[in-house]
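Peer 1: Dropping in input.csv, with CSV, C-alpha atoms.
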chain,number,residue,atom,x,y,z
A,110,MET,CA,30.9,-12.1,-38.2
A,111,SER,CA,31.2,-15.7,-37.1
A,112,GLN,CA,28.3,-17.4,-35.3
A,113,THR,CA,27.0,-20.8,-34.3
A,114,VAL,CA,23.7,-22.2,-35.5
A,115,VAL,CA,22.3,-25.4,-33.9
A,116,LEU,CA,19.6,-27.4,-35.6
A,117,LYS,CA,17.6,-30.5,-34.8
A,118,VAL,CA,17.5,-32.6,-37.9
A,119,GLY,CA,15.6,-35.9,-38.3
A,120,MET,CA,18.4,-38.3,-39.3
A,121,SER,CA,17.9,-42.1,-39.1
A,122,CYS,CA,20.9,-43.4,-41.0
A,123,GLN,CA,24.4,-42.6,-42.5
A,124,GLY,CA,22.7,-41.7,-45.7
A,125,CYS,CA,20.8,-38.9,-43.9
A,126,VAL,CA,24.1,-37.8,-42.4
A,127,GLY,CA,25.7,-37.8,-45.8
A,128,ALA,CA,23.0,-35.6,-47.3
A,129,VAL,CA,23.4,-33.0,-44.6
A,130,ASN,CA,27.2,-33.2,-44.9
A,131,ARG,CA,26.9,-32.6,-48.6
A,132,VAL,CA,24.8,-29.5,-48.5
A,133,LEU,CA,26.7,-27.9,-45.6
A,134,GLY,CA,30.0,-28.7,-47.4
A,135,LYS,CA,28.8,-26.6,-50.4
A,136,MET,CA,27.4,-23.7,-48.3
A,137,ASP,CA,29.4,-20.4,-48.5
A,138,GLY,CA,30.6,-19.0,-45.1
A,139,VAL,CA,30.6,-22.4,-43.3
A,140,GLU,CA,33.9,-22.7,-41.3
A,141,SER,CA,33.0,-26.0,-39.6
A,142,PHE,CA,30.1,-28.2,-38.7
A,143,ASP,CA,29.3,-31.2,-36.5
A,144,ILE,CA,26.6,-33.8,-37.2
A,145,ASP,CA,25.5,-35.9,-34.3
A,146,ILE,CA,23.1,-38.6,-35.5
A,147,LYS,CA,22.4,-39.9,-32.0
A,148,GLU,CA,21.2,-36.6,-30.7
A,149,GLN,CA,19.8,-35.6,-34.1
A,150,LYS,CA,21.8,-32.4,-33.7
A,151,VAL,CA,23.7,-30.3,-36.3
A,152,THR,CA,26.0,-27.5,-35.2
A,153,VAL,CA,27.3,-25.1,-37.8
A,154,LYS,CA,30.0,-22.5,-37.2
A,155,GLY,CA,30.9,-19.7,-39.6
A,156,ASN,CA,30.0,-16.4,-41.2
A,157,VAL,CA,26.4,-17.6,-41.9
A,158,GLU,CA,22.9,-16.5,-41.2
A,159,PRO,CA,20.7,-18.9,-39.1
A,160,GLU,CA,17.8,-18.8,-41.6
A,161,ALA,CA,20.2,-19.6,-44.6
A,162,VAL,CA,21.6,-22.6,-42.7
A,163,PHE,CA,18.0,-23.7,-41.8
A,164,GLN,CA,16.9,-23.4,-45.5
A,165,THR,CA,20.0,-25.2,-46.8
A,166,VAL,CA,19.6,-28.2,-44.4
A,167,SER,CA,15.8,-28.3,-45.1
A,168,LYS,CA,16.6,-28.9,-48.8
A,169,THR,CA,17.7,-32.4,-47.8
A,170,GLY,CA,14.1,-33.3,-47.1
A,171,LYS,CA,14.9,-34.1,-43.5
A,172,LYS,CA,12.6,-32.6,-40.8
A,173,THR,CA,14.5,-29.6,-39.6
A,174,SER,CA,14.0,-27.2,-36.7
A,175,TYR,CA,16.1,-24.9,-34.5
A,176,TRP,CA,17.6,-26.6,-31.5
A,177,PRO,CA,15.5,-25.6,-28.4
A,178,VAL,CA,17.9,-23.3,-26.5
A,179,GLU,CA,15.5,-23.0,-23.5
A,180,ALA,CA,15.2,-26.8,-23.1
A,181,GLU,CA,19.0,-27.2,-23.2
A,182,ALA,CA,19.5,-24.4,-20.6
A,183,GLU,CA,16.7,-25.9,-18.4
A,184,ALA,CA,18.2,-29.4,-18.6
A,185,LYS,CA,21.7,-28.0,-17.6
A,186,ALA,CA,20.2,-26.0,-14.7
A,187,LYS,CA,18.3,-29.1,-13.5
A,188,ALA,CA,21.4,-31.3,-13.7
A,189,GLU,CA,23.4,-28.7,-11.7
A,190,ALA,CA,20.7,-28.4,-9.1
A,191,LYS,CA,20.5,-32.2,-8.8
A,192,ALA,CA,24.3,-32.4,-8.3
A,193,GLU,CA,24.1,-29.8,-5.5
A,194,ALA,CA,21.3,-31.7,-3.8
A,195,VAL,CA,23.3,-34.9,-3.9
A,196,THR,CA,26.3,-33.1,-2.4
A,197,GLU,CA,24.2,-31.6,0.4
A,198,THR,CA,22.6,-35.0,1.1
A,199,LYS,CA,26.0,-36.7,1.4
A,200,THR,CA,27.2,-34.0,3.7
A,201,GLU,CA,24.2,-34.4,6.0
A,202,ALA,CA,24.6,-38.2,5.9
A,203,GLU,CA,28.3,-37.9,6.8
A,204,THR,CA,27.5,-35.5,9.6
A,205,LYS,CA,24.9,-37.9,11.0
A,206,THR,CA,27.2,-40.9,10.7
A,207,GLU,CA,29.9,-39.0,12.7
A,208,ALA,CA,27.4,-38.1,15.4
A,209,GLU,CA,26.1,-41.7,15.6
A,210,THR,CA,29.7,-42.9,15.9
A,211,LYS,CA,30.4,-40.6,18.8
A,212,ILE,CA,27.3,-41.7,20.6
A,213,GLU,CA,28.1,-45.4,20.1
A,214,THR,CA,31.6,-44.8,21.3
A,215,LYS,CA,30.3,-43.2,24.5
A,216,VAL,CA,27.8,-46.0,25.1
A,217,ASP,CA,30.5,-48.7,24.5
A,218,ALA,CA,32.9,-46.9,27.0
A,219,LYS,CA,30.2,-46.8,29.6
A,220,ALA,CA,29.4,-50.5,29.0
A,221,ASP,CA,33.1,-51.4,29.6
A,222,VAL,CA,33.2,-49.5,33.0
A,223,GLU,CA,29.9,-50.8,34.4
A,224,PRO,CA,30.8,-54.6,34.4
A,225,LYS,CA,34.1,-53.9,36.1
A,226,LEU,CA,32.3,-51.9,38.8
A,227,ALA,CA,29.9,-54.8,39.3
A,228,GLU,CA,32.7,-57.3,39.6
A,229,ALA,CA,34.5,-55.2,42.2
A,230,GLU,CA,31.3,-55.0,44.3
A,231,THR,CA,30.6,-58.8,44.2
A,232,LYS,CA,34.2,-60.1,44.8
A,233,PRO,CA,35.4,-60.1,48.4
A,234,SER,CA,38.4,-58.1,49.0
A,235,GLN,CA,41.7,-60.1,49.1
A,236,VAL,CA,43.7,-58.1,51.4
Can you present the structure in this file as structure tokens?

Peer 2:
Amino acid sequence: MSQTVVLKVGMSCQGCVGAVNRVLGKMDGVESFDIDIKEQKVTVKGNVEPEAVFQTVSKTGKKTSYWPVEAEAEAKAKAEAKAEAVTETKTEAETKTEAETKIETKVDAKADVEPKLAEAETKPSQV
């Protein structure tokens, strides 16, 4: 049965990456793996047991732990919630702007009419 194992591995250089690459390349059952030095994340796919992958990578001498699944799920949920909040805020701002524009338009229209009325009242009729 194929499964995915994700580990956090303390890697600081390409030598560290090479060591992890070497041990995973020799491991039976590994179909593919990805090593991300920036995130210190190693993802292994294949017909492997999580504990066996953990033990194999630990043999490199690099600090190894299972990738925190809860933290990843929480971060994703927070990012989605933040994106929704931004969308709602934009919608409220757009609605407010439309309402303000309508009010300003009404005020401007009234301002145009009032001076004309005032002019008509002050000028004598030229009949």

Peer 1: Taking (18.6, -42.0, -41.9) in the file's coordinates, which residues come within 12 Å, counting only C-alpha atoms, written as an MDAnalysis selection string?

Peer 2: chainID A and resid 118:129 145:147 149 169:172

Peer 1: What does the distance from atom CA of Gln112 of chain A to atom CA of Val157 of chain A come to in Å, to one decimal?

Peer 2: 6.9 Å

Peer 1: Using all atoms listed in the file, list the residues that have an atom at most 9 Å from (34.7, -27.9, -36.3), coordinates as in the file, as a VMD selection string.

Peer 2: chain A and resid 140 to 143 152 to 154

Peer 1: Atom CA of Thr173 of chain A to atom CA of Ser111 of chain A: how many Å, to one decimal?

Peer 2: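 So the answer is 21.9 Å.
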
Peer 1: Taking 6 positions as the minimum chain separation for residues in the same chain, which residues sit within 10 Å of Asp137 of chain A when counting all atoms listed in the file? Answer as JSON, numbers by chain.

Peer 2: {"A": [155, 156, 157, 162]}

Peer 1: Kindly indicate which residue among A:Val178, A:Val132, A:Leu116, A:Met110 lies nearest to Glu160 of chain A, using all atoms listed in the file for the distances.

Peer 2: A:Leu116

Peer 1: Just how far from atom CA of Glu148 of chain A is atom CA of Ala161 of chain A, in Å to one decimal?

Peer 2: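 Interatomic distance here is 22.0 Å.
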
Peer 1: Tell me, as a PyMOL selection string, which residues lie within 8 Å of Lys117 of chain A, counting all atoms listed in the file; anything in the same chain fewer than 4 positions away does not count.

Peer 2: chain A and resi 149-151+173-176

Peer 1: Using C-alpha atoms, can you export the residues from the last selection as a CSV table (one decimal), keeping the file's coordinate frame?

Peer 2:
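Okay, this is what ended up in part-v1.csv:
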chain,number,residue,atom,x,y,z
A,149,GLN,CA,19.8,-35.6,-34.1
A,150,LYS,CA,21.8,-32.4,-33.7
A,151,VAL,CA,23.7,-30.3,-36.3
A,173,THR,CA,14.5,-29.6,-39.6
A,174,SER,CA,14.0,-27.2,-36.7
A,175,TYR,CA,16.1,-24.9,-34.5
A,176,TRP,CA,17.6,-26.6,-31.5

Peer 1: Since fewer atoms than expected are present, regenerate all heavy atoms for segment 156-167 of chain A and write them as a short mmCIF file (atom, residue, chain, number, x, y, z; two decimals), in the coordinates of the input.

Peer 2:
data_model
loop_
_atom_site.label_atom_id
_atom_site.label_comp_id
_atom_site.auth_asym_id
_atom_site.auth_seq_id
_atom_site.Cartn_x
_atom_site.Cartn_y
_atom_site.Cartn_z
N ASN A 156 30.56 -17.73 -40.88
CA ASN A 156 30.00 -16.40 -41.20
C ASN A 156 28.69 -16.74 -42.00
O ASN A 156 28.65 -16.61 -43.24
CB ASN A 156 30.97 -15.62 -42.04
CG ASN A 156 30.50 -14.21 -42.27
OD1 ASN A 156 29.59 -13.73 -41.61
ND2 ASN A 156 31.11 -13.55 -43.24
N VAL A 157 27.67 -17.19 -41.26
CA VAL A 157 26.40 -17.60 -41.90
C VAL A 157 25.22 -17.03 -41.12
O VAL A 157 25.33 -16.67 -39.95
CB VAL A 157 26.29 -19.17 -41.85
CG1 VAL A 157 27.30 -19.80 -42.77
CG2 VAL A 157 26.44 -19.71 -40.44
N GLU A 158 24.11 -16.94 -41.82
CA GLU A 158 22.90 -16.50 -41.20
C GLU A 158 22.07 -17.75 -40.78
O GLU A 158 21.99 -18.72 -41.56
CB GLU A 158 22.03 -15.69 -42.20
CG GLU A 158 22.63 -14.33 -42.52
CD GLU A 158 22.71 -13.43 -41.30
OE1 GLU A 158 21.76 -13.41 -40.49
OE2 GLU A 158 23.74 -12.75 -41.14
N PRO A 159 21.48 -17.74 -39.59
CA PRO A 159 20.70 -18.90 -39.10
C PRO A 159 19.64 -19.37 -40.12
O PRO A 159 19.49 -20.56 -40.38
CB PRO A 159 20.09 -18.43 -37.82
CG PRO A 159 21.02 -17.37 -37.33
CD PRO A 159 21.53 -16.69 -38.57
N GLU A 160 18.92 -18.43 -40.71
CA GLU A 160 17.80 -18.80 -41.60
C GLU A 160 18.41 -19.46 -42.90
O GLU A 160 17.81 -20.41 -43.43
CB GLU A 160 17.02 -17.55 -42.01
CG GLU A 160 15.80 -17.86 -42.85
CD GLU A 160 14.79 -18.81 -42.20
OE1 GLU A 160 14.69 -18.85 -40.96
OE2 GLU A 160 14.09 -19.52 -42.95
N ALA A 161 19.57 -19.00 -43.36
CA ALA A 161 20.20 -19.60 -44.60
C ALA A 161 20.61 -21.03 -44.27
O ALA A 161 20.43 -21.92 -45.11
CB ALA A 161 21.39 -18.76 -45.00
N VAL A 162 21.17 -21.28 -43.08
CA VAL A 162 21.60 -22.60 -42.70
C VAL A 162 20.33 -23.52 -42.60
O VAL A 162 20.30 -24.64 -43.11
CB VAL A 162 22.35 -22.63 -41.35
CG1 VAL A 162 22.64 -24.05 -40.90
CG2 VAL A 162 23.63 -21.83 -41.48
N PHE A 163 19.29 -22.99 -41.99
CA PHE A 163 18.00 -23.70 -41.80
C PHE A 163 17.49 -24.12 -43.22
O PHE A 163 17.12 -25.29 -43.44
CB PHE A 163 17.01 -22.86 -41.09
CG PHE A 163 15.69 -23.54 -40.85
CD1 PHE A 163 15.49 -24.31 -39.71
CD2 PHE A 163 14.65 -23.42 -41.76
CE1 PHE A 163 14.27 -24.95 -39.49
CE2 PHE A 163 13.44 -24.05 -41.55
CZ PHE A 163 13.25 -24.81 -40.41
N GLN A 164 17.44 -23.18 -44.14
CA GLN A 164 16.90 -23.40 -45.50
C GLN A 164 17.77 -24.46 -46.23
O GLN A 164 17.25 -25.36 -46.90
CB GLN A 164 16.82 -22.14 -46.30
CG GLN A 164 15.77 -21.17 -45.78
CD GLN A 164 14.36 -21.75 -45.85
OE1 GLN A 164 14.00 -22.48 -46.77
NE2 GLN A 164 13.55 -21.43 -44.85
N THR A 165 19.09 -24.33 -46.10
CA THR A 165 20.00 -25.20 -46.80
C THR A 165 19.81 -26.68 -46.30
O THR A 165 19.71 -27.62 -47.10
CB THR A 165 21.46 -24.80 -46.59
OG1 THR A 165 21.60 -23.49 -47.15
CG2 THR A 165 22.43 -25.74 -47.25
N VAL A 166 19.75 -26.87 -44.98
CA VAL A 166 19.60 -28.20 -44.40
C VAL A 166 18.20 -28.76 -44.74
O VAL A 166 18.04 -29.95 -45.02
CB VAL A 166 19.87 -28.22 -42.89
CG1 VAL A 166 19.55 -29.58 -42.28
CG2 VAL A 166 21.33 -27.85 -42.62
N SER A 167 17.19 -27.89 -44.76
CA SER A 167 15.80 -28.30 -45.10
C SER A 167 15.73 -28.89 -46.50
O SER A 167 14.88 -29.74 -46.78
CB SER A 167 14.85 -27.15 -44.96
OG SER A 167 14.76 -26.75 -43.62
#
